[in-house]
Amino acid sequence: MPHAIAPPATGHRPRWWTELPLIAVVYALYSVGRLLVRGDVSTAVGHGLAILRLEQALYLNAEHPLNRLFTSTPSLGIPADFAYASLHYAVTPAVLIWMFRRRSALYRSARVWLMNSTLLGLVGFSLLPTCPPRLLDASHGFVDTMAQYSAYGWWGQGASAPRGLSGMTNQYAAMPSLHVGWSLWCGVLLWRHGRHPLVRAAGIAYPLLTTVIVMGTANHYFLDAVAGAAVMGAGALLVKPVVRCADRVKAWGAARFTGPAAVLFTGGPTGGATGGFDGRPAGGSTGADRPVSGTGSATTAPNVSTGCKTSPGERIPGQRTTSADPPGTAVDGASAGGADPAATSDDAPAAAR
C-alpha cells in the first residue's frame, strides 16, 4: 500500500499537542456515529444469514470449526477473548505512537490512512448492519465464547464492552471488521518500517492471529475480515488526495487570517515595495540610486566634485582636456558659458592653467 506510507511533501514534524486532540475528536465522532447507525435487528440478522450461506456455498465457512475449538478448549478460548477485548485498544495506539516518535516523516500519512479507513468502516456499518455469528439463533451452531468465559474478564454479553454496558456499543457493527482492519494497518507499518526481525515477524503474525480470533470467538464472519482488509486498502488509496485537500484548506486559512498582517509588516503584497519603517524605500535604496530619465541614458555618472562647483573659466587643477571635447563644454559636464578659450587648450601657457 504505497500511498499510505509515502512521506509528506514537507518536512514539518508533527506536534503531540495538536495530534492528540485531533485523534480524540475523530475517535469520538466514530464512536458516536457507530451508536447512531444501529439498524433494525431483523435486517441485521438477515444480512448475517446471507453472509453465512454465501460462505458455505464458497466453502469458506471456517467459523464453525474455530468456534467449536475455542468453546471446548478454555486454554484457547479465554486468551482469545482477552485479545479480542483489548488488543485493538492497545496495539493500535502503540503503533501510532511508535510512528510518531521513530518515523515522524511518515507519521502523518499513517494517521490519515487509519482515519480514512475508520470512517469508511462507519459507512459500512450504516449501510450493512450485520448480526455476528454469536448472536444468531443457537440452531446455527455458534456459541458466544465471551459470554461463556465472561467470569474471567470484564466483559459480559456485549462483546468487548464492560459488563453491564452492552447498551453503549453497537453489536451489529460487524461488517466490515475493523478489528482485522486495524490489525492489518499495524502489521503493514511494522513490517515495512520495523528494523528488528521480531518486529517484522509481529507485523505478519498480528493480523493473521486477529483474523483467527474474531472468527473463533464468533464475533465476525470470514467475509467480515475480508471487508476489513478491503476498507484498509481503500483508505490507503485516499491518503494522497486527503492530504492534498487538507494542505489546500490550511493554506487558504493561513492566507485568509494572516494575509492582512503580512501585508502590514512587509509593506505590501510584493514584500516591501511601498517603503520601510524609516521612510526610505524598501531594500535600503535612496533617490540617488534611482535612474534619471530625460538624458537618454538609464544611469548617470557620479558627481566627482562631491557637490563642489567651479566658477566659469576655472578648472580642476591637474586635469587635462582632449581635442575630442566639444567646444564650449566644461570638464564637469556643465555648460561652459563664458569660459576662456585659452583654458580649454593644451597649448595654453602654464600660468593660464
# chains A, B, ... in the order shown; residues from 1 in each chain; ligands from 1
call {"tool": "residues_around", "arguments": {"residues": "region 102-113 of chain A", "least_positions_apart": "5", "cutoff": "12 Å", "atoms": "only C-alpha atoms", "output": "PyMOL selection string"}}
result
chain A and resi 1-16+18-20+22-23+26+92-97+118-120+181-182+184-186+188-190+192-195+231-247
call {"tool": "select_by_dssp", "arguments": {"residues": "region 9-123 of chain A", "states": "alpha helix (DSSP H)", "output": "number ranges by chain"}}
result
A: 16-36, 41-57, 63-72, 74-102, 104-123
call {"tool": "atom_distance", "arguments": {"atom1": "CA of Asp224 (chain A)", "atom2": "CA of Ala174 (chain A)"}}
result
6.7 Å
call {"tool": "closest_residue", "arguments": {"among": "A:Gly187, A:Leu36, A:Leu69, A:Val212", "to": "Arg200 (chain A)", "atoms": "only C-alpha atoms"}}
result
A:Gly187
call {"tool": "residues_around", "arguments": {"residues": "Ser126 (chain A)", "least_positions_apart": "2", "cutoff": "12 Å", "atoms": "only C-alpha atoms", "output": "list in words"}}
result
Tyr30, Gly33, Arg34, Leu35, Leu36, Val37, Arg38, Gly39, Asp40, Thr43, Ala44, Leu119, Leu120, Gly121, Leu122, Val123, Gly124, Leu128, Pro129, Thr130, Asn170, Tyr172, Ala173, Ala174, Met175 and Pro176 of chain A
